[in-house]
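Structure file final12.cif (mmCIF, C-alpha atoms and all ligand atoms) is printed below.
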data_query
loop_
_atom_site.label_atom_id
_atom_site.label_comp_id
_atom_site.auth_asym_id
_atom_site.auth_seq_id
_atom_site.Cartn_x
_atom_site.Cartn_y
_atom_site.Cartn_z
CA MET A 1 0.00 0.00 0.00
CA SER A 2 1.29 3.48 -0.82
CA LYS A 3 2.24 5.71 2.06
CA SER A 4 0.67 9.11 2.71
CA LEU A 5 2.72 12.28 2.53
CA ASP A 6 2.36 12.52 6.32
CA GLU A 7 3.94 9.11 6.85
CA ILE A 8 6.81 10.00 4.50
CA ALA A 9 7.29 13.34 6.32
CA ASP A 10 7.34 11.51 9.68
CA LEU A 11 10.19 9.29 8.51
CA GLN A 12 12.07 12.31 7.13
CA ALA A 13 11.75 13.98 10.53
CA LEU A 14 13.10 10.83 12.19
CA ALA A 15 16.07 10.78 9.80
CA ARG A 16 16.75 14.47 10.44
CA GLY A 17 16.73 13.70 14.15
CA CYS A 18 19.38 11.00 13.64
CA TYR A 19 21.61 13.36 11.67
CA GLU A 20 21.23 16.13 14.24
CA ASP A 21 22.07 13.76 17.10
CA ARG A 22 25.32 12.76 15.47
CA PHE A 23 26.28 16.13 14.03
CA CYS A 24 24.94 18.54 16.66
CA ILE A 25 23.25 20.84 14.16
CA PRO A 26 19.94 22.70 14.47
CA LEU A 27 17.05 21.65 12.21
CA ASP A 28 17.04 24.88 10.16
CA SER A 29 20.80 25.09 9.75
CA ASP A 30 22.15 26.16 6.39
CA ALA A 31 24.02 23.35 4.62
CA SER A 32 27.23 25.38 4.52
CA ASP A 33 27.27 25.54 8.34
CA VAL A 34 27.25 21.80 8.77
CA VAL A 35 30.29 20.61 10.70
CA SER A 36 30.74 17.01 11.67
CA THR A 37 31.54 16.76 15.36
CA ALA A 38 31.26 12.99 15.69
CA PRO A 39 32.42 10.72 12.90
CA ASP A 40 29.97 7.99 12.15
CA VAL A 41 31.39 4.68 13.22
CA LEU A 42 30.34 1.26 11.99
CA SER A 43 29.82 -0.89 15.10
CA ARG A 44 31.79 -3.70 13.48
CA ASP A 45 32.42 -5.94 16.50
CA ALA A 46 28.82 -5.69 17.68
CA HIS A 47 27.55 -6.62 14.19
CA VAL A 48 29.93 -9.60 14.07
CA ASP A 49 28.63 -10.82 17.46
CA TYR A 50 25.03 -10.44 16.33
CA LEU A 51 25.60 -12.39 13.10
CA LEU A 52 27.57 -15.15 14.82
CA LYS A 53 24.71 -15.63 17.29
CA GLY A 54 22.35 -15.88 14.31
CA LEU A 55 24.39 -18.77 12.93
CA ARG A 56 24.45 -20.67 16.21
CA ALA A 57 20.86 -20.38 17.48
CA LEU A 58 17.83 -18.18 16.97
CA PRO A 59 15.25 -17.23 19.61
CA GLN A 60 11.77 -18.77 19.57
CA GLY A 61 10.32 -15.71 17.82
CA PHE A 62 12.11 -16.71 14.63
CA THR A 63 9.96 -19.83 14.08
CA SER A 64 8.11 -17.91 11.36
CA LEU A 65 11.37 -18.05 9.35
CA ASP A 66 11.46 -21.85 9.42
CA ALA A 67 11.15 -21.95 5.60
CA SER A 68 14.00 -19.43 5.27
CA ARG A 69 16.73 -21.05 7.35
CA THR A 70 19.05 -21.32 4.34
CA TRP A 71 18.49 -17.60 3.79
CA VAL A 72 19.42 -16.86 7.42
CA VAL A 73 22.67 -18.76 6.87
CA TYR A 74 23.44 -16.64 3.79
CA TRP A 75 22.54 -13.36 5.51
CA CYS A 76 24.84 -14.18 8.41
CA THR A 77 27.80 -15.66 6.51
CA HIS A 78 27.75 -12.88 3.89
CA GLY A 79 27.33 -10.18 6.54
CA LEU A 80 30.33 -11.59 8.43
CA ALA A 81 32.43 -11.66 5.24
CA LEU A 82 31.51 -8.04 4.51
CA LEU A 83 32.78 -7.16 7.98
CA GLY A 84 36.08 -8.95 7.30
CA TYR A 85 35.28 -11.99 9.48
CA ASP A 86 36.46 -15.12 7.67
CA LEU A 87 34.29 -17.84 9.16
CA HIS A 88 36.39 -20.85 8.19
CA VAL A 89 39.55 -19.12 9.51
CA GLU A 90 38.08 -17.74 12.73
CA ASP A 91 35.83 -20.68 13.66
CA GLU A 92 36.47 -23.79 11.58
CA ALA A 93 34.05 -25.91 13.62
CA LEU A 94 31.20 -23.48 13.06
CA ALA A 95 31.98 -23.28 9.33
CA ARG A 96 31.79 -27.08 9.08
CA ASP A 97 28.52 -27.09 11.07
CA VAL A 98 27.07 -24.55 8.64
CA VAL A 99 28.03 -26.68 5.63
CA GLU A 100 26.58 -29.82 7.28
CA PHE A 101 23.35 -27.93 7.97
CA LEU A 102 23.13 -26.80 4.34
CA LYS A 103 23.69 -30.38 3.16
CA SER A 104 20.76 -31.44 5.35
CA CYS A 105 18.55 -29.00 3.39
CA ARG A 106 19.02 -31.00 0.15
CA PRO A 107 16.35 -33.60 -0.64
CA SER A 108 17.67 -37.15 -0.69
CA ALA A 109 15.59 -38.22 -3.69
CA GLY A 110 13.15 -36.99 -6.32
CA LEU A 111 13.04 -33.92 -8.54
CA GLY A 112 15.44 -31.23 -7.45
CA VAL A 113 17.79 -33.50 -5.58
CA GLY A 114 20.60 -31.01 -6.30
CA GLY A 115 18.69 -28.00 -5.01
CA PHE A 116 18.28 -26.71 -1.47
CA GLY A 117 15.08 -26.18 0.49
CA GLY A 118 14.49 -23.53 3.15
CA GLY A 119 15.28 -26.12 5.84
CA PRO A 120 15.67 -29.87 6.35
CA GLY A 121 12.82 -31.88 4.84
CA GLN A 122 11.53 -28.99 2.72
CA ILE A 123 11.14 -29.04 -1.06
CA PRO A 124 13.97 -27.45 -3.07
CA HIS A 125 13.37 -23.87 -4.16
CA LEU A 126 15.42 -21.74 -6.56
CA ALA A 127 15.70 -18.82 -4.11
CA THR A 128 17.01 -20.96 -1.25
CA THR A 129 19.30 -22.80 -3.68
CA TYR A 130 20.83 -19.42 -4.61
CA ALA A 131 21.14 -18.50 -0.90
CA ALA A 132 22.80 -21.82 0.01
CA THR A 133 25.18 -21.59 -2.96
CA CYS A 134 26.26 -18.06 -2.01
CA ALA A 135 26.82 -19.15 1.59
CA LEU A 136 29.03 -22.02 0.38
CA VAL A 137 30.95 -19.66 -1.92
CA THR A 138 31.49 -17.37 1.06
CA ILE A 139 32.84 -20.20 3.23
CA GLY A 140 34.91 -21.10 0.20
CA THR A 141 36.62 -24.32 1.34
CA ASP A 142 36.93 -27.67 -0.43
CA TYR A 143 34.32 -29.18 1.87
CA ALA A 144 31.96 -26.29 1.00
CA ARG A 145 32.46 -26.94 -2.71
CA GLU A 146 31.81 -30.64 -2.23
CA ALA A 147 28.38 -29.81 -0.78
CA LEU A 148 27.31 -28.79 -4.30
CA ASP A 149 26.33 -31.57 -6.71
CA VAL A 150 26.75 -29.53 -9.87
CA ASP A 151 25.20 -32.08 -12.27
CA ALA A 152 22.15 -32.49 -10.04
CA ILE A 153 21.81 -28.71 -9.69
CA ARG A 154 21.83 -28.38 -13.47
CA ALA A 155 19.10 -31.02 -13.75
CA PHE A 156 17.04 -29.11 -11.15
CA LEU A 157 17.47 -25.79 -12.98
CA CYS A 158 16.52 -27.37 -16.32
CA ALA A 159 13.41 -28.91 -14.74
CA MET A 160 12.34 -25.47 -13.47
CA LYS A 161 12.90 -23.80 -16.87
CA ASP A 162 9.67 -22.66 -18.52
CA GLN A 163 9.19 -22.69 -22.28
CA ASP A 164 8.57 -18.89 -22.19
CA GLY A 165 12.11 -18.31 -20.88
CA GLY A 166 11.33 -17.75 -17.20
CA PHE A 167 11.94 -20.12 -14.30
CA ARG A 168 9.45 -21.72 -11.92
CA VAL A 169 10.69 -21.12 -8.36
CA HIS A 170 9.85 -24.70 -7.31
CA GLU A 171 7.91 -27.65 -8.66
CA GLY A 172 4.36 -26.37 -9.22
CA GLY A 173 5.36 -22.87 -8.12
CA GLU A 174 5.11 -19.44 -9.72
CA ILE A 175 7.25 -18.19 -12.62
CA ASP A 176 8.82 -14.84 -11.82
CA VAL A 177 11.86 -12.59 -12.16
CA ARG A 178 13.22 -13.80 -8.80
CA GLY A 179 13.35 -17.35 -10.19
CA CYS A 180 15.25 -16.13 -13.29
CA TYR A 181 17.90 -14.43 -11.20
CA ALA A 182 18.26 -17.23 -8.65
CA ALA A 183 18.65 -19.82 -11.44
CA LEU A 184 21.19 -17.90 -13.51
CA ALA A 185 23.22 -16.72 -10.50
CA THR A 186 23.39 -20.28 -9.16
CA ALA A 187 24.36 -21.61 -12.59
CA HIS A 188 27.06 -18.97 -12.92
CA LEU A 189 28.54 -19.85 -9.52
CA CYS A 190 28.52 -23.54 -10.47
CA ASP A 191 30.11 -22.70 -13.85
CA ILE A 192 27.23 -24.37 -15.73
CA LEU A 193 25.51 -21.31 -17.22
CA ASP A 194 24.96 -21.98 -20.91
CA ASP A 195 22.68 -20.89 -23.76
CA ASP A 196 19.99 -23.44 -22.85
CA LEU A 197 19.56 -21.96 -19.37
CA ALA A 198 19.89 -18.35 -20.53
CA ARG A 199 17.51 -18.73 -23.48
CA GLY A 200 14.52 -16.39 -23.32
CA VAL A 201 15.33 -14.99 -19.86
CA SER A 202 15.87 -11.38 -20.93
CA ALA A 203 12.75 -11.45 -23.12
CA PHE A 204 10.73 -12.62 -20.08
CA VAL A 205 12.29 -9.91 -17.86
CA ALA A 206 11.63 -7.23 -20.49
CA ARG A 207 7.94 -8.15 -20.37
CA CYS A 208 8.06 -7.41 -16.63
CA GLN A 209 9.50 -3.88 -17.05
CA SER A 210 6.69 -1.48 -16.19
CA TYR A 211 5.76 1.91 -17.65
CA GLU A 212 7.62 3.48 -14.66
CA GLY A 213 10.95 2.01 -15.78
CA GLY A 214 11.46 -0.41 -12.88
CA ILE A 215 10.76 -4.14 -13.09
CA GLY A 216 7.90 -6.07 -11.50
CA GLY A 217 7.83 -9.71 -10.46
CA GLU A 218 5.67 -10.81 -13.40
CA PRO A 219 4.35 -9.16 -16.58
CA PHE A 220 2.07 -6.20 -15.69
CA GLY A 221 3.29 -6.17 -12.06
CA GLU A 222 4.27 -3.00 -10.17
CA ALA A 223 7.90 -1.85 -10.45
CA HIS A 224 9.71 -2.99 -7.30
CA GLY A 225 13.28 -2.72 -6.02
CA GLY A 226 13.93 -6.41 -5.37
CA TYR A 227 12.55 -7.51 -8.71
CA THR A 228 14.36 -4.70 -10.50
CA PHE A 229 17.70 -5.89 -9.14
CA CYS A 230 16.88 -9.51 -9.96
CA GLY A 231 15.71 -8.67 -13.48
CA LEU A 232 18.63 -6.42 -14.35
CA ALA A 233 21.21 -8.83 -12.94
CA ALA A 234 19.53 -11.77 -14.73
CA CYS A 235 19.75 -9.90 -18.06
CA TRP A 236 23.44 -9.23 -17.44
CA LEU A 237 24.05 -12.89 -16.61
CA ALA A 238 22.17 -13.85 -19.81
CA ARG A 239 24.49 -11.42 -21.68
CA ASP A 240 21.42 -9.71 -23.17
CA PRO A 241 20.53 -6.47 -21.31
CA ASN A 242 19.61 -4.56 -24.48
CA ARG A 243 16.02 -5.79 -24.35
CA LEU A 244 15.46 -3.52 -21.34
CA ASP A 245 14.83 0.21 -21.61
CA LEU A 246 17.93 1.10 -19.58
CA PRO A 247 17.55 4.92 -19.51
CA SER A 248 14.02 4.54 -18.18
CA LEU A 249 15.27 2.02 -15.62
CA GLU A 250 17.98 4.42 -14.44
CA ARG A 251 15.51 7.30 -14.15
CA TRP A 252 13.24 5.19 -11.95
CA LEU A 253 16.16 4.06 -9.80
CA ALA A 254 17.50 7.59 -9.29
CA ASN A 255 14.09 8.75 -8.13
CA ARG A 256 13.89 6.06 -5.46
CA GLN A 257 16.59 7.75 -3.30
CA GLY A 258 15.00 9.81 -0.51
CA GLU A 259 16.04 13.43 -0.81
CA VAL A 260 16.07 13.90 2.97
CA GLU A 261 16.77 10.38 4.20
CA GLY A 262 19.54 9.42 1.74
CA GLY A 263 18.38 5.79 1.60
CA PHE A 264 16.17 4.18 -1.06
CA ASN A 265 12.55 3.15 -1.07
CA GLY A 266 11.38 0.02 -2.88
CA ARG A 267 8.47 1.45 -4.83
CA THR A 268 6.96 4.81 -5.72
CA ASN A 269 5.33 6.48 -2.70
CA LYS A 270 6.79 4.06 -0.20
CA LEU A 271 9.00 4.70 2.81
CA VAL A 272 12.78 4.53 2.60
CA ASP A 273 14.01 1.18 3.97
CA GLY A 274 17.56 0.01 4.73
CA CYS A 275 17.40 -3.19 2.68
CA TYR A 276 16.89 -1.21 -0.55
CA SER A 277 20.35 0.25 0.00
CA PHE A 278 21.38 -2.90 -1.83
CA TRP A 279 18.35 -3.83 -3.94
CA GLN A 280 18.25 -0.34 -5.51
CA GLY A 281 21.79 0.90 -4.84
CA GLY A 282 23.26 -2.37 -6.14
CA CYS A 283 21.53 -1.82 -9.48
CA PHE A 284 23.79 1.12 -10.35
CA PRO A 285 27.05 -0.86 -10.77
CA VAL A 286 25.11 -3.62 -12.56
CA LEU A 287 23.61 -1.01 -14.88
CA GLU A 288 27.10 0.29 -15.56
CA ARG A 289 28.24 -3.24 -16.44
CA CYS A 290 25.26 -3.60 -18.78
CA THR A 291 25.97 -0.34 -20.59
CA ASN A 292 29.66 -1.21 -20.84
CA MET A 293 28.76 -4.60 -22.33
CA LEU A 294 26.52 -2.95 -24.91
CA LEU A 295 28.98 -0.21 -25.73
CA ILE A 296 31.72 -2.76 -26.36
CA ARG A 297 29.35 -4.65 -28.67
CA CYS A 298 28.48 -1.41 -30.45
CA ILE A 299 32.13 -0.61 -30.97
CA GLU A 300 32.80 -4.14 -32.26
CA GLN A 301 29.82 -4.11 -34.60
CA SER A 302 30.47 -0.56 -35.83
CA ARG A 303 33.58 -1.91 -37.52
CA PHE A 304 31.22 -3.66 -39.93
CA THR A 305 27.92 -1.79 -39.85
CA ARG A 306 26.37 1.45 -38.80
CA TYR A 307 24.91 0.49 -35.42
CA SER A 308 22.50 2.65 -33.43
CA THR A 309 23.70 3.40 -29.90
CA SER A 310 20.44 5.07 -28.90
CA ARG A 311 19.34 2.23 -26.62
CA VAL A 312 22.49 2.42 -24.53
CA HIS A 313 22.68 6.19 -24.06
CA ILE A 314 22.37 7.18 -20.41
CA ASP A 315 21.12 10.72 -19.98
CA THR A 316 23.15 11.89 -16.98
CA SER A 317 21.36 15.25 -17.02
CA LEU A 318 18.47 13.39 -15.40
CA ILE A 319 20.56 12.96 -12.27
CA GLU A 320 20.94 16.05 -10.17
CA SER A 321 24.60 16.59 -9.29
CA GLU A 322 23.77 19.00 -6.47
CA PRO A 323 21.11 18.45 -3.81
CA ARG A 324 18.08 20.69 -3.95
CA PRO A 325 17.80 23.29 -1.13
CA ILE A 326 15.66 21.29 1.27
CA GLY A 327 17.41 22.05 4.57
CA VAL A 328 19.20 19.43 6.61
CA CYS A 329 19.20 16.12 4.78
CA ALA A 330 21.55 13.24 4.11
CA ALA A 331 23.02 14.84 0.99
CA THR A 332 23.94 18.06 2.81
CA VAL A 333 25.38 16.27 5.84
CA PHE A 334 27.23 13.78 3.62
CA PRO A 335 27.95 15.74 0.43
CA PRO A 336 29.70 14.10 -2.52
CA LYS A 337 33.35 14.95 -2.95
CA PRO A 338 33.61 17.31 -5.94
CA ALA A 339 35.24 16.48 -9.25
CA VAL A 340 35.61 12.73 -8.68
CA GLY A 341 33.73 11.16 -11.55
CA SER A 342 29.95 11.15 -11.94
CA ALA A 343 27.90 8.80 -9.82
CA SER A 344 24.24 8.24 -10.58
CA PHE A 345 23.28 8.20 -6.94
CA ALA A 346 24.33 10.12 -3.84
CA ALA A 347 26.67 7.47 -2.45
CA ASN A 348 27.78 9.41 0.62
CA ALA A 349 24.20 10.22 1.55
CA LEU A 350 23.40 6.50 1.32
CA GLN A 351 26.32 5.73 3.66
CA GLY A 352 25.00 8.38 6.06
CA TRP A 353 21.55 6.76 6.08
CA ILE A 354 22.99 3.31 6.78
CA LEU A 355 25.40 4.46 9.49
CA ASP A 356 23.17 6.99 11.26
CA CYS A 357 19.66 5.64 10.77
CA CYS A 358 20.01 1.88 10.29
CA GLN A 359 22.43 1.06 13.11
CA SER A 360 20.84 0.65 16.52
CA ASP A 361 20.71 3.72 18.73
CA HIS A 362 22.96 2.34 21.41
CA GLY A 363 25.85 0.81 19.50
CA GLY A 364 24.34 -2.68 19.66
CA GLY A 365 24.78 -5.16 16.84
CA GLY A 366 22.53 -5.64 13.83
CA LEU A 367 21.04 -3.18 11.37
CA ARG A 368 17.41 -2.35 10.65
CA ASP A 369 14.83 -1.16 8.17
CA LYS A 370 14.58 2.35 9.65
CA PRO A 371 14.78 4.22 12.99
CA GLY A 372 12.21 3.03 15.49
CA VAL A 373 12.04 -0.60 14.37
CA GLY A 374 14.03 -3.64 15.47
CA ARG A 375 17.14 -5.12 13.88
CA ASP A 376 17.16 -8.41 11.97
CA HIS A 377 19.61 -10.53 10.00
CA TYR A 378 18.03 -9.77 6.61
CA HIS A 379 18.40 -6.00 7.03
CA THR A 380 21.88 -6.41 8.52
CA CYS A 381 22.97 -8.29 5.39
CA TYR A 382 21.45 -5.91 2.87
CA CYS A 383 22.36 -2.67 4.71
CA LEU A 384 25.99 -3.84 4.79
CA SER A 385 25.79 -4.90 1.12
CA GLY A 386 24.48 -1.43 0.24
CA LEU A 387 27.25 0.15 2.30
CA SER A 388 29.76 -1.83 0.22
CA VAL A 389 28.20 -0.56 -3.02
CA ALA A 390 28.23 3.05 -1.79
CA GLN A 391 31.86 2.83 -0.65
CA HIS A 392 33.33 0.91 -3.60
CA TYR A 393 31.13 1.78 -6.58
CA GLY A 394 29.77 5.21 -5.75
CA ARG A 395 32.56 7.23 -7.34
CA CYS A 396 34.09 5.55 -10.37
CA ASP A 397 35.36 2.53 -8.44
CA THR A 398 37.44 4.60 -6.01
CA ILE A 399 36.79 3.93 -2.33
CA ASP A 400 34.96 6.85 -0.75
CA VAL A 401 34.18 6.38 2.93
CA VAL A 402 31.92 8.35 5.22
CA GLY A 403 33.36 8.29 8.75
CA PRO A 404 36.71 6.76 9.75
CA GLU A 405 38.65 4.49 7.39
CA THR A 406 37.82 1.58 9.71
CA ASN A 407 34.26 1.81 8.34
CA VAL A 408 35.37 0.21 5.05
CA VAL A 409 33.60 -3.09 4.41
CA ALA A 410 34.63 -5.67 1.82
CA LYS A 411 33.87 -5.02 -1.84
CA ILE A 412 31.10 -7.18 -3.27
CA ASP A 413 30.53 -8.50 -6.75
CA PRO A 414 27.33 -6.52 -7.35
CA VAL A 415 25.68 -9.05 -9.68
CA LEU A 416 25.95 -11.99 -7.27
CA ASN A 417 26.14 -10.17 -3.92
CA VAL A 418 29.03 -12.19 -2.58
CA VAL A 419 32.31 -10.63 -1.44
CA GLU A 420 34.45 -10.07 -4.54
CA HIS A 421 37.66 -11.75 -3.40
CA LYS A 422 35.67 -14.79 -2.23
CA TYR A 423 33.85 -14.95 -5.57
CA LYS A 424 37.14 -14.81 -7.50
CA ALA A 425 38.76 -17.46 -5.30
CA TRP A 426 35.68 -19.71 -5.71
CA MET A 427 35.62 -19.44 -9.49
CA ALA A 428 39.34 -20.25 -9.61
CA LEU A 429 38.69 -23.26 -7.33
CA ILE A 430 35.88 -24.73 -9.44
CA GLU A 431 37.75 -24.07 -12.68
CA ALA A 432 40.77 -25.90 -11.29
CA LYS A 433 38.57 -28.83 -10.16
CA GLY A 434 36.89 -28.88 -13.58
CA ASP A 435 40.28 -29.01 -15.30
CA ALA A 436 41.33 -31.84 -13.00
CA VAL A 437 38.20 -33.85 -13.88
CA GLU A 438 38.69 -33.28 -17.65
CA ARG A 439 42.25 -34.51 -17.43
ZN ZN A 501 13.45 -3.81 4.20
#

Translate this file's structure into structure tokens.
Ligand SMILES: [Zn+2]
Amino acid sequence: MSKSLDEIADLQALARGCYEDRFCIPLDSDASDVVSTAPDVLSRDAHVDYLLKGLRALPQGFTSLDASRTWVVYWCTHGLALLGYDLHVEDEALARDVVEFLKSCRPSAGLGVGGFGGGPGQIPHLATTYAATCALVTIGTDYAREALDVDAIRAFLCAMKDQDGGFRVHEGGEIDVRGCYAALATAHLCDILDDDLARGVSAFVARCQSYEGGIGGEPFGEAHGGYTFCGLAACWLARDPNRLDLPSLERWLANRQGEVEGGFNGRTNKLVDGCYSFWQGGCFPVLERCTNMLLIRCIEQSRFTRYSTSRVHIDTSLIESEPRPIGVCAATVFPPKPAVGSASFAANALQGWILDCCQSDHGGGGLRDKPGVGRDHYHTCYCLSGLSVAQHYGRCDTIDVVGPETNVVAKIDPVLNVVEHKYKAWMALIEAKGDAVER
């Protein structure tokens, strides 16, 4: 349901309050007077403690997440990796327990034997298969790799493939953009992504792009941040992003960033929410990869033909380089550094939102949707993922950090949302194992 202007104004007032608390500035202060008196600090150790507890045991209130236990494992392992905590180095026994738990989420027989369910005894699902795979990539050991039966996973993905190009999320389940992304990302991480799996995916996603520019879950659905990320990343993985209207997509994305709050909302007329720091913010580096892919193709093809570049032109005039005069807001408290490239979103303002509004008020661990609500592992994972995007991809791939240098989190691969150095090490590992098998 859309939010009223009053509800949006209430959240903006809450965000202003957070910025004033940290920066000791009056509400009506002119932007030029803003002086930081307290650098924003990422409560790294507290977040590590919170995520480690999430891996070991969850309180009774989490029973509603029983079908998402593989997701909880991903949120915690990925969050820890973003914070620089190498699970298999720091706590080998816990890393092995996590892998054993994930293995128990695979069915022992029947369709989808290679996939992972949300918990032991549950049917395999593409989304939880993606989550389990990313958690194993993040642990990154030989025993983690051996938990993946690549041939069986391929059989599961092929069984979920629909003739229209999309993927069914589980046997008898719905066909949506989430399924397309989960299938192709899993296939990529298993090094089994081929033309058969990619066929028709981008055409299906293009049918889900709405008149607003964002992407819905299914054809004629409302544009939504999570589906937009999944759809865009799926088209990149399928090596066919040109079917999307990319300028329209970028315009929609840029307008999702709250001008006061600095974070993103998930849909038009909705409240800013910490998890969209990744779902929307993460789209910008993926969009850049898509346009680079198309530009390279244009250059290659222009050697032989006259090729129109109109579909890949990004109109940067649509993105305001300076914040509008709206008083104290994230973009005035955390202004972009001048003359350092041209980002499509206010990366420093996004960092300010995550650090000041999404961390708990008292330095405790875990991050949250917005001020006034509780922390959880999902928002901790995606706030930290968004922080990584804002730090590493906000300004032409140079690291730009709000607060002390100790705030830097690990760089992610934005398409897969796993830590980049872990992704590279994993791909080298499976390529080496593949070579060994071929020999
Ligand atoms: Zn959220």

| field | Pick from A:Ala144, A:Tyr227, A:His88, A:Phe156 nearest to Ala109 of chain A, counting only C-alpha atoms | value | A:Phe156

| What lies within 10 Å of Tyr74 of chain A using all atoms listed in the file, ignoring chain neighbours under 6 positions off, as a VMD selection string? | chain A and resid 55 68 80 98 128 130 to 138 377 to 378 381 418

| said: Show me, as a PyMOL selection string, the residues that have an atom within 8 Å of Phe345 of chain A when counting all atoms listed in the file, minus same-chain residues fewer than 4 positions from it. | reply: chain A and resi 254+257+281+284+319+394

Please build the interface table for chain A against ligand ZN 501 (chain A) with a cut-off of 12 Å, listing for each qualifying residue the nearest atom pair and the distance in Å to one decimal; count all atoms listed in the file, order rows by chain and increasing number, and write it as CSV.
residue,atom,partner,partner_atom,distance
A:Gly225,CA,A:ZN501,ZN,10.3
A:Gly226,CA,A:ZN501,ZN,9.9
A:Gly263,CA,A:ZN501,ZN,11.1
A:Phe264,CA,A:ZN501,ZN,9.9
A:Asn265,CA,A:ZN501,ZN,8.8
A:Gly266,CA,A:ZN501,ZN,8.3
A:Arg267,CA,A:ZN501,ZN,11.6
A:Lys270,CA,A:ZN501,ZN,11.2
A:Leu271,CA,A:ZN501,ZN,9.7
A:Val272,CA,A:ZN501,ZN,8.5
A:Asp273,CA,A:ZN501,ZN,5.0
A:Gly274,CA,A:ZN501,ZN,5.6
A:Cys275,CA,A:ZN501,ZN,4.3
A:Tyr276,CA,A:ZN501,ZN,6.4
A:Ser277,CA,A:ZN501,ZN,9.0
A:Phe278,CA,A:ZN501,ZN,10.0
A:Trp279,CA,A:ZN501,ZN,9.5
A:Gln280,CA,A:ZN501,ZN,11.4
A:Cys358,CA,A:ZN501,ZN,10.6
A:Leu367,CA,A:ZN501,ZN,10.5
A:Arg368,CA,A:ZN501,ZN,7.7
A:Asp369,CA,A:ZN501,ZN,5.0
A:Lys370,CA,A:ZN501,ZN,8.3
A:Pro371,CA,A:ZN501,ZN,12.0
A:Val373,CA,A:ZN501,ZN,10.8
A:Gly374,CA,A:ZN501,ZN,11.3
A:Arg375,CA,A:ZN501,ZN,10.4
A:Asp376,CA,A:ZN501,ZN,9.8
A:His377,CA,A:ZN501,ZN,10.8
A:Tyr378,CA,A:ZN501,ZN,7.9
A:His379,CA,A:ZN501,ZN,6.1
A:Thr380,CA,A:ZN501,ZN,9.8
A:Cys381,CA,A:ZN501,ZN,10.6
A:Tyr382,CA,A:ZN501,ZN,8.4
A:Cys383,CA,A:ZN501,ZN,9.0
A:Gly386,CA,A:ZN501,ZN,12.0

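Across the structure, atom CA of Gly119 of chain A and atom CA of Cys105 of chain A are spaced 5.0 Å apart.
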